[in-house]
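Student: See my_file.pdb below, with PDB, C-alpha atoms, pLDDT in the B column.
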```
ATOM      1  CA  MET A   1      22.719 -27.389  80.904  1.00 45.00           C
ATOM      2  CA  LEU A   2      19.430 -27.169  79.024  1.00 47.00           C
ATOM      3  CA  THR A   3      17.229 -28.292  81.885  1.00 64.00           C
ATOM      4  CA  GLU A   4      17.255 -27.017  85.431  1.00 79.00           C
ATOM      5  CA  PRO A   5      19.485 -29.285  87.530  1.00 93.00           C
ATOM      6  CA  ARG A   6      17.794 -30.874  90.511  1.00 96.00           C
ATOM      7  CA  SER A   7      20.384 -29.236  92.733  1.00 97.00           C
ATOM      8  CA  GLY A   8      19.274 -25.878  91.339  1.00 96.00           C
ATOM      9  CA  LEU A   9      15.649 -26.552  92.198  1.00 95.00           C
ATOM     10  CA  LEU A  10      16.515 -27.690  95.721  1.00 97.00           C
ATOM     11  CA  ALA A  11      18.759 -24.701  96.354  1.00 97.00           C
ATOM     12  CA  ALA A  12      16.375 -22.138  94.848  1.00 96.00           C
ATOM     13  CA  TRP A  13      13.248 -23.334  96.631  1.00 97.00           C
ATOM     14  CA  GLY A  14      15.166 -24.132  99.809  1.00 97.00           C
ATOM     15  CA  ASN A  15      16.358 -20.536  99.852  1.00 97.00           C
ATOM     16  CA  ALA A  16      12.811 -19.309  99.209  1.00 96.00           C
ATOM     17  CA  LEU A  17      11.675 -21.340 102.210  1.00 97.00           C
ATOM     18  CA  LEU A  18      14.442 -19.983 104.448  1.00 96.00           C
ATOM     19  CA  GLY A  19      13.510 -16.462 103.334  1.00 96.00           C
ATOM     20  CA  GLY A  20       9.864 -16.971 104.266  1.00 96.00           C
ATOM     21  CA  PHE A  21       8.610 -16.653 100.693  1.00 96.00           C
ATOM     22  CA  VAL A  22       7.033 -20.125 100.443  1.00 96.00           C
ATOM     23  CA  SER A  23       5.722 -22.827 102.751  1.00 96.00           C
ATOM     24  CA  PRO A  24       7.627 -26.093 103.353  1.00 95.00           C
ATOM     25  CA  ASP A  25       5.045 -28.085 101.389  1.00 96.00           C
ATOM     26  CA  ASP A  26       5.139 -25.690  98.425  1.00 96.00           C
ATOM     27  CA  ALA A  27       8.941 -25.776  98.393  1.00 97.00           C
ATOM     28  CA  ALA A  28       8.955 -29.578  98.432  1.00 97.00           C
ATOM     29  CA  LEU A  29       6.405 -29.778  95.598  1.00 96.00           C
ATOM     30  CA  ALA A  30       8.447 -27.398  93.438  1.00 95.00           C
ATOM     31  CA  ILE A  31      11.646 -29.359  94.044  1.00 96.00           C
ATOM     32  CA  VAL A  32      10.084 -32.722  93.220  1.00 96.00           C
ATOM     33  CA  GLY A  33       8.511 -31.365  90.037  1.00 92.00           C
ATOM     34  CA  ASP A  34       7.715 -34.220  87.644  1.00 91.00           C
ATOM     35  CA  ASP A  35       9.648 -36.807  89.656  1.00 94.00           C
ATOM     36  CA  ALA A  36       7.748 -39.418  91.635  1.00 94.00           C
ATOM     37  CA  VAL A  37       9.377 -38.865  95.011  1.00 95.00           C
ATOM     38  CA  HIS A  38      12.443 -37.357  96.684  1.00 97.00           C
ATOM     39  CA  ARG A  39      13.963 -38.727  99.885  1.00 98.00           C
ATOM     40  CA  VAL A  40      16.929 -37.570 101.969  1.00 98.00           C
ATOM     41  CA  THR A  41      19.258 -40.097 103.601  1.00 98.00           C
ATOM     42  CA  GLY A  42      22.044 -39.584 106.124  1.00 97.00           C
ATOM     43  CA  LEU A  43      20.375 -36.554 107.699  1.00 97.00           C
ATOM     44  CA  PRO A  44      21.746 -35.960 111.231  1.00 96.00           C
ATOM     45  CA  GLY A  45      19.228 -37.100 113.818  1.00 92.00           C
ATOM     46  CA  GLU A  46      17.393 -39.440 111.435  1.00 94.00           C
ATOM     47  CA  THR A  47      17.926 -43.197 111.188  1.00 93.00           C
ATOM     48  CA  GLY A  48      16.416 -43.630 107.724  1.00 95.00           C
ATOM     49  CA  PRO A  49      15.192 -41.796 104.640  1.00 97.00           C
ATOM     50  CA  VAL A  50      12.888 -38.817 105.188  1.00 97.00           C
ATOM     51  CA  GLY A  51      10.761 -36.670 102.910  1.00 97.00           C
ATOM     52  CA  LEU A  52      11.799 -33.257 101.650  1.00 97.00           C
ATOM     53  CA  THR A  53       9.462 -31.276 103.897  1.00 97.00           C
ATOM     54  CA  LEU A  54      10.929 -32.802 107.037  1.00 97.00           C
ATOM     55  CA  ALA A  55      14.471 -32.636 105.643  1.00 97.00           C
ATOM     56  CA  LEU A  56      14.292 -28.932 104.798  1.00 97.00           C
ATOM     57  CA  GLY A  57      12.958 -28.150 108.252  1.00 95.00           C
ATOM     58  CA  ARG A  58      15.661 -30.234 109.915  1.00 96.00           C
ATOM     59  CA  LEU A  59      18.412 -28.548 107.884  1.00 97.00           C
ATOM     60  CA  ARG A  60      17.137 -25.167 109.052  1.00 96.00           C
ATOM     61  CA  VAL A  61      17.230 -26.348 112.666  1.00 96.00           C
ATOM     62  CA  LEU A  62      20.758 -27.652 112.090  1.00 96.00           C
ATOM     63  CA  GLY A  63      21.850 -24.144 111.174  1.00 96.00           C
ATOM     64  CA  ALA A  64      21.414 -23.898 107.407  1.00 96.00           C
ATOM     65  CA  THR A  65      21.252 -20.232 106.418  1.00 95.00           C
ATOM     66  CA  GLY A  66      21.275 -20.775 102.670  1.00 95.00           C
ATOM     67  CA  PHE A  67      21.689 -23.353  99.923  1.00 97.00           C
ATOM     68  CA  ARG A  68      24.381 -23.191  97.241  1.00 97.00           C
ATOM     69  CA  VAL A  69      24.781 -25.246  94.085  1.00 97.00           C
ATOM     70  CA  ALA A  70      27.883 -27.089  92.920  1.00 98.00           C
ATOM     71  CA  LEU A  71      28.209 -28.110  89.250  1.00 97.00           C
ATOM     72  CA  PRO A  72      31.616 -29.812  89.095  1.00 97.00           C
ATOM     73  CA  ALA A  73      33.271 -31.283  86.021  1.00 94.00           C
ATOM     74  CA  PRO A  74      36.545 -33.206  85.639  1.00 94.00           C
ATOM     75  CA  GLY A  75      39.362 -30.850  86.593  1.00 94.00           C
ATOM     76  CA  HIS A  76      36.923 -28.173  87.773  1.00 95.00           C
ATOM     77  CA  PRO A  77      35.459 -28.670  91.304  1.00 96.00           C
ATOM     78  CA  LEU A  78      33.049 -25.761  90.824  1.00 97.00           C
ATOM     79  CA  GLY A  79      31.188 -24.907  94.030  1.00 97.00           C
ATOM     80  CA  LEU A  80      32.834 -27.621  96.137  1.00 97.00           C
ATOM     81  CA  SER A  81      34.943 -27.261  99.261  1.00 95.00           C
ATOM     82  CA  GLY A  82      35.624 -30.889 100.242  1.00 96.00           C
ATOM     83  CA  PRO A  83      36.198 -33.342 101.734  1.00 97.00           C
ATOM     84  CA  PRO A  84      37.452 -35.505  98.827  1.00 97.00           C
ATOM     85  CA  GLU A  85      34.788 -38.176  99.405  1.00 97.00           C
ATOM     86  CA  PHE A  86      31.955 -35.687  99.006  1.00 98.00           C
ATOM     87  CA  ASN A  87      33.657 -34.059  96.024  1.00 97.00           C
ATOM     88  CA  ALA A  88      33.966 -37.457  94.310  1.00 98.00           C
ATOM     89  CA  ARG A  89      30.246 -38.207  94.747  1.00 98.00           C
ATOM     90  CA  ALA A  90      29.311 -34.740  93.515  1.00 98.00           C
ATOM     91  CA  LEU A  91      31.578 -35.100  90.482  1.00 97.00           C
ATOM     92  CA  ASP A  92      30.002 -38.444  89.660  1.00 97.00           C
ATOM     93  CA  ALA A  93      26.522 -36.882  89.833  1.00 97.00           C
ATOM     94  CA  GLU A  94      27.766 -33.673  88.152  1.00 96.00           C
ATOM     95  CA  GLU A  95      25.910 -31.647  90.785  1.00 98.00           C
ATOM     96  CA  ALA A  96      25.362 -31.151  94.504  1.00 98.00           C
ATOM     97  CA  VAL A  97      23.875 -28.785  97.062  1.00 98.00           C
ATOM     98  CA  VAL A  98      25.925 -27.302  99.907  1.00 97.00           C
ATOM     99  CA  CYS A  99      24.184 -25.945 103.008  1.00 97.00           C
ATOM    100  CA  ALA A 100      25.730 -22.677 104.144  1.00 94.00           C
ATOM    101  CA  GLY A 101      25.931 -22.469 107.926  1.00 94.00           C
ATOM    102  CA  ALA A 102      25.417 -26.188 108.518  1.00 95.00           C
ATOM    103  CA  ALA A 103      28.536 -27.759 106.907  1.00 95.00           C
ATOM    104  CA  LEU A 104      26.328 -30.333 105.174  1.00 98.00           C
ATOM    105  CA  GLY A 105      26.000 -31.276 101.536  1.00 98.00           C
ATOM    106  CA  LEU A 106      23.518 -33.268  99.477  1.00 98.00           C
ATOM    107  CA  VAL A 107      24.174 -35.251  96.312  1.00 98.00           C
ATOM    108  CA  PRO A 108      21.275 -36.593  94.201  1.00 98.00           C
ATOM    109  CA  GLU A 109      21.141 -40.241  93.192  1.00 97.00           C
ATOM    110  CA  VAL A 110      18.517 -40.785  90.490  1.00 96.00           C
ATOM    111  CA  GLU A 111      16.764 -44.093  89.832  1.00 95.00           C
ATOM    112  CA  GLU A 112      14.429 -44.667  86.886  1.00 92.00           C
ATOM    113  CA  THR A 113      12.044 -47.602  86.732  1.00 89.00           C
ATOM    114  CA  GLY A 114       9.215 -48.666  84.447  1.00 86.00           C
ATOM    115  CA  PRO A 115       8.712 -49.022  80.688  1.00 87.00           C
ATOM    116  CA  ALA A 116       9.338 -46.287  78.134  1.00 82.00           C
ATOM    117  CA  GLY A 117       6.572 -43.732  78.275  1.00 80.00           C
ATOM    118  CA  ASP A 118       5.764 -44.581  81.883  1.00 84.00           C
ATOM    119  CA  VAL A 119       9.069 -44.050  83.655  1.00 87.00           C
ATOM    120  CA  ARG A 120       8.987 -43.452  87.401  1.00 91.00           C
ATOM    121  CA  VAL A 121      11.838 -41.277  88.672  1.00 94.00           C
ATOM    122  CA  GLU A 122      12.888 -41.493  92.307  1.00 96.00           C
ATOM    123  CA  VAL A 123      15.603 -39.284  93.754  1.00 98.00           C
ATOM    124  CA  ARG A 124      17.603 -39.992  96.872  1.00 98.00           C
ATOM    125  CA  TRP A 125      19.589 -37.089  98.280  1.00 98.00           C
ATOM    126  CA  ALA A 126      22.605 -38.431 100.183  1.00 98.00           C
ATOM    127  CA  CYS A 127      23.451 -36.015 103.005  1.00 98.00           C
ATOM    128  CA  SER A 128      26.943 -35.880 104.507  1.00 97.00           C
ATOM    129  CA  GLN A 129      29.420 -33.527 106.150  1.00 97.00           C
ATOM    130  CA  VAL A 130      31.302 -30.977 104.055  1.00 97.00           C
ATOM    131  CA  ARG A 131      34.106 -28.599 104.884  1.00 96.00           C
ATOM    132  CA  ASP A 132      33.097 -25.180 106.161  1.00 89.00           C
ATOM    133  CA  ALA A 133      35.174 -23.310 103.594  1.00 91.00           C
ATOM    134  CA  PRO A 134      34.611 -21.010 100.612  1.00 90.00           C
ATOM    135  CA  PRO A 135      33.329 -22.897  97.535  1.00 93.00           C
ATOM    136  CA  ALA A 136      35.728 -23.329  94.627  1.00 93.00           C
ATOM    137  CA  ASP A 137      35.721 -20.855  91.717  1.00 94.00           C
ATOM    138  CA  VAL A 138      32.291 -19.265  92.274  1.00 95.00           C
ATOM    139  CA  PRO A 139      32.058 -15.751  90.771  1.00 95.00           C
ATOM    140  CA  SER A 140      29.893 -12.865  91.854  1.00 94.00           C
ATOM    141  CA  LEU A 141      26.772 -12.145  89.817  1.00 93.00           C
ATOM    142  CA  GLY A 142      28.489  -9.146  88.280  1.00 93.00           C
ATOM    143  CA  GLU A 143      31.500 -11.198  87.234  1.00 95.00           C
ATOM    144  CA  ALA A 144      29.276 -13.939  85.857  1.00 94.00           C
ATOM    145  CA  GLU A 145      27.244 -11.501  83.780  1.00 93.00           C
ATOM    146  CA  ARG A 146      30.342  -9.918  82.251  1.00 93.00           C
ATOM    147  CA  GLU A 147      31.925 -13.315  81.536  1.00 92.00           C
ATOM    148  CA  LEU A 148      28.752 -14.577  79.849  1.00 89.00           C
ATOM    149  CA  ALA A 149      28.505 -11.578  77.537  1.00 87.00           C
ATOM    150  CA  GLU A 150      32.135 -12.007  76.483  1.00 87.00           C
ATOM    151  CA  ALA A 151      31.845 -15.792  76.108  1.00 80.00           C
ATOM    152  CA  LEU A 152      28.730 -15.547  73.958  1.00 77.00           C
ATOM    153  CA  ARG A 153      30.329 -12.995  71.656  1.00 81.00           C
ATOM    154  CA  ASP A 154      33.643 -14.846  71.334  1.00 74.00           C
ATOM    155  CA  ALA A 155      32.109 -18.299  70.863  1.00 69.00           C
ATOM    156  CA  THR A 156      29.678 -17.042  68.215  1.00 73.00           C
ATOM    157  CA  ALA A 157      32.556 -15.536  66.249  1.00 73.00           C
ATOM    158  CA  VAL A 158      34.741 -18.648  66.510  1.00 66.00           C
ATOM    159  CA  LEU A 159      31.952 -21.095  65.615  1.00 66.00           C
ATOM    160  CA  ALA A 160      30.849 -18.978  62.681  1.00 71.00           C
ATOM    161  CA  ARG A 161      34.421 -18.846  61.395  1.00 66.00           C
ATOM    162  CA  LEU A 162      34.686 -22.637  61.653  1.00 60.00           C
ATOM    163  CA  ASP A 163      31.310 -23.034  59.883  1.00 61.00           C
ATOM    164  CA  VAL A 164      29.906 -25.119  62.723  1.00 56.00           C
ATOM    165  CA  ALA A 165      26.214 -25.922  62.379  1.00 47.00           C
ATOM    166  CA  GLY A 166      25.616 -24.730  65.937  1.00 50.00           C
ATOM    167  CA  SER A 167      26.170 -21.138  64.795  1.00 50.00           C
ATOM    168  CA  GLY A 168      23.812 -21.119  61.788  1.00 54.00           C
ATOM    169  CA  PRO A 169      20.116 -20.321  61.151  1.00 59.00           C
ATOM    170  CA  GLN A 170      18.884 -23.570  62.748  1.00 57.00           C
ATOM    171  CA  ALA A 171      20.697 -22.738  65.979  1.00 56.00           C
ATOM    172  CA  ALA A 172      19.402 -19.162  65.855  1.00 60.00           C
ATOM    173  CA  ALA A 173      15.837 -20.496  65.548  1.00 62.00           C
ATOM    174  CA  ALA A 174      16.384 -22.809  68.513  1.00 56.00           C
ATOM    175  CA  LEU A 175      17.748 -19.924  70.568  1.00 58.00           C
ATOM    176  CA  ASP A 176      14.765 -17.748  69.617  1.00 62.00           C
ATOM    177  CA  ALA A 177      12.387 -20.537  70.638  1.00 59.00           C
ATOM    178  CA  TYR A 178      14.228 -20.901  73.930  1.00 54.00           C
ATOM    179  CA  ARG A 179      14.005 -17.174  74.640  1.00 58.00           C
ATOM    180  CA  ALA A 180      10.283 -17.148  73.891  1.00 57.00           C
ATOM    181  CA  ARG A 181       9.729 -20.110  76.185  1.00 52.00           C
ATOM    182  CA  ALA A 182      11.781 -18.509  78.943  1.00 53.00           C
ATOM    183  CA  GLU A 183       9.854 -15.244  78.658  1.00 53.00           C
ATOM    184  CA  ALA A 184       6.547 -17.106  78.712  1.00 44.00           C
ATOM    185  CA  THR A 185       7.309 -19.047  81.880  1.00 42.00           C
ATOM    186  CA  ALA A 186       9.523 -16.474  83.654  1.00 50.00           C
ATOM    187  CA  ASP A 187       9.869 -18.911  86.568  1.00 57.00           C
ATOM    188  CA  VAL A 188      13.589 -19.511  86.257  1.00 65.00           C
ATOM    189  CA  LEU A 189      14.163 -19.045  89.960  1.00 86.00           C
ATOM    190  CA  ALA A 190      12.096 -19.226  93.110  1.00 94.00           C
ATOM    191  CA  PRO A 191      10.572 -16.207  94.893  1.00 94.00           C
ATOM    192  CA  GLY A 192      13.023 -13.951  96.687  1.00 94.00           C
ATOM    193  CA  TYR A 193      15.797 -13.924  94.099  1.00 95.00           C
ATOM    194  CA  PRO A 194      17.050 -10.576  92.764  1.00 93.00           C
ATOM    195  CA  PRO A 195      16.268  -9.740  89.108  1.00 92.00           C
ATOM    196  CA  ARG A 196      19.971  -9.862  88.250  1.00 93.00           C
ATOM    197  CA  ALA A 197      20.172 -13.510  89.333  1.00 94.00           C
ATOM    198  CA  VAL A 198      17.194 -14.344  87.113  1.00 91.00           C
ATOM    199  CA  ARG A 199      18.840 -12.539  84.208  1.00 90.00           C
ATOM    200  CA  VAL A 200      22.206 -14.258  84.716  1.00 92.00           C
ATOM    201  CA  LEU A 201      20.615 -17.700  84.918  1.00 92.00           C
ATOM    202  CA  GLY A 202      18.681 -17.040  81.710  1.00 87.00           C
ATOM    203  CA  MET A 203      21.882 -15.969  79.948  1.00 85.00           C
ATOM    204  CA  ALA A 204      23.718 -19.024  81.233  1.00 88.00           C
ATOM    205  CA  ARG A 205      21.022 -21.307  79.875  1.00 85.00           C
ATOM    206  CA  ARG A 206      21.156 -19.596  76.507  1.00 80.00           C
ATOM    207  CA  VAL A 207      24.933 -20.077  76.357  1.00 80.00           C
ATOM    208  CA  GLY A 208      24.517 -23.684  77.466  1.00 79.00           C
ATOM    209  CA  LEU A 209      21.997 -24.265  74.684  1.00 77.00           C
ATOM    210  CA  MET A 210      24.412 -22.818  72.157  1.00 73.00           C
ATOM    211  CA  VAL A 211      27.187 -25.136  73.356  1.00 75.00           C
ATOM    212  CA  SER A 212      24.909 -28.173  73.222  1.00 73.00           C
ATOM    213  CA  LEU A 213      23.726 -27.329  69.719  1.00 70.00           C
ATOM    214  CA  ALA A 214      27.313 -27.025  68.561  1.00 69.00           C
ATOM    215  CA  TYR A 215      28.312 -30.339  70.106  1.00 65.00           C
ATOM    216  CA  GLU A 216      25.244 -32.147  68.762  1.00 62.00           C
ATOM    217  CA  SER A 217      25.549 -30.755  65.247  1.00 59.00           C
ATOM    218  CA  GLY A 218      28.140 -33.266  64.107  1.00 52.00           C
ATOM    219  CA  HIS A 219      31.167 -32.019  62.247  1.00 50.00           C
ATOM    220  CA  GLY A 220      29.436 -29.174  60.435  1.00 50.00           C
ATOM    221  CA  GLY A 221      32.003 -27.533  58.216  1.00 50.00           C
ATOM    222  CA  ALA A 222      34.849 -28.400  60.610  1.00 47.00           C
ATOM    223  CA  VAL A 223      36.000 -31.428  58.649  1.00 52.00           C
ATOM    224  CA  SER A 224      39.695 -31.444  59.499  1.00 63.00           C
ATOM    225  CA  ALA A 225      41.100 -32.690  62.791  1.00 68.00           C
ATOM    226  CA  SER A 226      42.613 -29.265  63.484  1.00 70.00           C
ATOM    227  CA  GLU A 227      39.291 -27.508  62.874  1.00 64.00           C
ATOM    228  CA  MET A 228      37.442 -29.974  65.105  1.00 64.00           C
ATOM    229  CA  ALA A 229      40.056 -29.421  67.811  1.00 70.00           C
ATOM    230  CA  ALA A 230      39.607 -25.669  67.425  1.00 68.00           C
ATOM    231  CA  ARG A 231      35.857 -26.054  67.910  1.00 68.00           C
ATOM    232  CA  GLY A 232      36.446 -28.025  71.108  1.00 71.00           C
ATOM    233  CA  GLU A 233      38.889 -25.399  72.334  1.00 74.00           C
ATOM    234  CA  ALA A 234      36.285 -22.716  71.670  1.00 73.00           C
ATOM    235  CA  LEU A 235      33.449 -24.547  73.435  1.00 78.00           C
ATOM    236  CA  ARG A 236      35.176 -25.770  76.599  1.00 82.00           C
ATOM    237  CA  PRO A 237      35.797 -22.369  78.190  1.00 84.00           C
ATOM    238  CA  VAL A 238      32.323 -21.194  77.177  1.00 85.00           C
ATOM    239  CA  GLU A 239      30.686 -24.190  78.842  1.00 87.00           C
ATOM    240  CA  ARG A 240      32.802 -23.523  81.943  1.00 91.00           C
ATOM    241  CA  VAL A 241      31.655 -19.892  82.045  1.00 92.00           C
ATOM    242  CA  ALA A 242      27.999 -20.981  81.753  1.00 91.00           C
ATOM    243  CA  ARG A 243      28.340 -23.417  84.648  1.00 94.00           C
ATOM    244  CA  ARG A 244      30.037 -20.766  86.797  1.00 95.00           C
ATOM    245  CA  ALA A 245      27.221 -18.348  86.056  1.00 95.00           C
ATOM    246  CA  MET A 246      24.535 -20.891  86.970  1.00 94.00           C
ATOM    247  CA  VAL A 247      26.225 -21.547  90.307  1.00 96.00           C
ATOM    248  CA  ALA A 248      26.458 -17.804  90.978  1.00 96.00           C
ATOM    249  CA  ALA A 249      22.785 -17.275  90.129  1.00 95.00           C
ATOM    250  CA  TYR A 250      21.464 -20.122  92.282  1.00 95.00           C
ATOM    251  CA  GLY A 251      23.633 -19.020  95.192  1.00 94.00           C
ATOM    252  CA  ALA A 252      22.772 -15.324  94.960  1.00 92.00           C
ATOM    253  CA  VAL A 253      20.325 -15.411  97.888  1.00 83.00           C
ATOM    254  CA  ALA A 254      22.664 -17.472 100.075  1.00 65.00           C
ATOM    255  CA  GLU A 255      25.543 -15.061  99.394  1.00 60.00           C
ATOM    256  CA  ARG A 256      23.338 -12.045 100.071  1.00 54.00           C
ATOM    257  CA  GLY A 257      22.179 -13.500 103.367  1.00 44.00           C
TER     258      GLY A 257
END
```
Just give me the structure of the file as structure tokens.
Tutor:
Amino acid sequence: MLTEPRSGLLAAWGNALLGGFVSPDDAALAIVGDDAVHRVTGLPGETGPVGLTLALGRLRVLGATGFRVALPAPGHPLGLSGPPEFNARALDAEEAVVCAGAALGLVPEVEETGPAGDVRVEVRWACSQVRDAPPADVPSLGEAERELAEALRDATAVLARLDVAGSGPQAAAALDAYRARAEATADVLAPGYPPRAVRVLGMARRVGLMVSLAYESGHGGAVSASEMAARGEALRPVERVARRAMVAAYGAVAERG
């Protein structure tokens, strides 16, 4: 939740390409980022792996009108519509991209090679058929924004009451540093996205950071089993809300189109 998922980059810059805001090469470069190379396999009409530039163009020819993100978790097939085989691969990867208008989906498979400090990351996007149906549990941007505001308020109160380290001064400093970094870069989404989507994604990342800090802080003051269980109960719905908001933000252009 703290870093932009690869599915988010592909969807955002794929949508920018479809909207005419960027060139195919620029979209591909933004999606690859710091990785060594991205390839797409299983693309209709291709017998082997192809590069992102060709793949994005082919998906447009195949009828793709937008790219949506899926961020599923066990018991929560967020953004997915089936079939079960695709859902299972997406759940294993914890992310996927669904092509609106083309009934195709892509799941990233990441391979890291090389010694520490010189790791080469290669990504293979496995393309396959998906059901042409509404994605599961995806809110509107307005819903997502309201849910995030409520989740942030409620979780802060619960974690503070339980004396969890994730709600103290150290967490506040980390959140302030995150906000400063986000304001400095401002490139949370690709060109063509509405300001509300940018705002919702930024809020979702802040909530995700808060959840991660709370989970990584150890027991904090929640020393009893019941208090630790209460912390988990407080964090799970908040993390779910953050994932829903991220999916809504990345898919804002696709839904608008």
Student: Find the residues around Arg89 of chain A up to 12 Å (all atoms listed in the file counted), leave out those fewer than 5 positions away in its own chain, and share them as a list in words.
Tutor: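 Selected residues are Ala70, Leu71, Pro72, Ala73, Pro77, Leu80, Gly82, Pro83, Pro84, Glu94, Glu95, Ala96, Val97, Gly105, Leu106, Val107, Pro108, Glu109, Trp125, Ala126, Cys127, Ser128 and Val130 of chain A.
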Student: For a quick check of understanding, using all atoms listed in the file, which of A:Ala160, A:Leu235, A:Ala252, A:Ala55 has the smallest distance to Pro139 of chain A?
Tutor: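 Answer, going by the shortest atom-to-atom distance: A:Ala252.
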Student: Pull out every residue that the PyMOL selection byres ((chain A and resi 14) around 12) matches in the shown coordinates and put them as a ChimeraX atom specification.
Tutor: /A:6-13,15-32,52-53,55-60,64-69,97-100,189-193,250-251,253-254
Student: Pick the closest to Met246 of chain A from A:Pro5, A:Gly117, A:Gly42, A:Gly51: which is it, counting all atoms listed in the file?
Tutor: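 Answer, going by the shortest atom-to-atom distance: A:Pro5.
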Student: List the residues matched by the PyMOL selection byres ((chain A and resi 237) around 12) in the displayed structure as a list in words, ordered by chain and then by residue number.
Tutor: His76, Glu147, Leu148, Glu150, Ala151, Leu152, Asp154, Ala155, Val207, Gly208, Val211, Ala230, Arg231, Gly232, Glu233, Ala234, Leu235, Arg236, Val238, Glu239, Arg240, Val241, Ala242, Arg243 and Arg244 of chain A
Student: Please evaluate the PyMOL selection byres ((chain A and resi 201) around 9) against the structure above and give the resulting residues as a JSON list (two decimals) with C-alpha atoms, in the coordinates of the input.
Tutor:
```
[["chain", "number", "residue", "atom", "x", "y", "z"],
["A", 188, "VAL", "CA", 13.59, -19.51, 86.26],
["A", 189, "LEU", "CA", 14.16, -19.05, 89.96],
["A", 196, "ARG", "CA", 19.97, -9.86, 88.25],
["A", 197, "ALA", "CA", 20.17, -13.51, 89.33],
["A", 198, "VAL", "CA", 17.19, -14.34, 87.11],
["A", 199, "ARG", "CA", 18.84, -12.54, 84.21],
["A", 200, "VAL", "CA", 22.21, -14.26, 84.72],
["A", 202, "GLY", "CA", 18.68, -17.04, 81.71],
["A", 203, "MET", "CA", 21.88, -15.97, 79.95],
["A", 204, "ALA", "CA", 23.72, -19.02, 81.23],
["A", 205, "ARG", "CA", 21.02, -21.31, 79.88],
["A", 206, "ARG", "CA", 21.16, -19.60, 76.51],
["A", 242, "ALA", "CA", 28.00, -20.98, 81.75],
["A", 245, "ALA", "CA", 27.22, -18.35, 86.06],
["A", 246, "MET", "CA", 24.54, -20.89, 86.97],
["A", 247, "VAL", "CA", 26.22, -21.55, 90.31],
["A", 248, "ALA", "CA", 26.46, -17.80, 90.98],
["A", 249, "ALA", "CA", 22.78, -17.27, 90.13],
["A", 250, "TYR", "CA", 21.46, -20.12, 92.28]]
```
Student: Quote the spacing between atom CA of Val61 of chain A and atom CA of Pro44 of chain A in Å to one decimal place.
Tutor: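 Between atom CA of Val61 of chain A and atom CA of Pro44 of chain A the gap works out to 10.7 Å.
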Student: To one decimal place, how far is atom CA of Phe86 of chain A from atom CA of Ala103 of chain A in Å?
Tutor: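 Here the two named atoms are 11.7 Å from each other.
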Student: For Pro134 of chain A, which of A:Ala229, A:Leu213, A:Val121, A:Leu78 is the closest residue, counting all atoms listed in the file?
Tutor: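 Using all atoms listed in the file, Pro134 of chain A sits closest to A:Leu78.
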Student: Please compute the atom CA of Ser81 of chain A-atom CA of Glu4 of chain A distance, one decimal, in Å.
Tutor: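 If I compute the distance from atom CA of Ser81 of chain A to atom CA of Glu4 of chain A, I get 22.5 Å.
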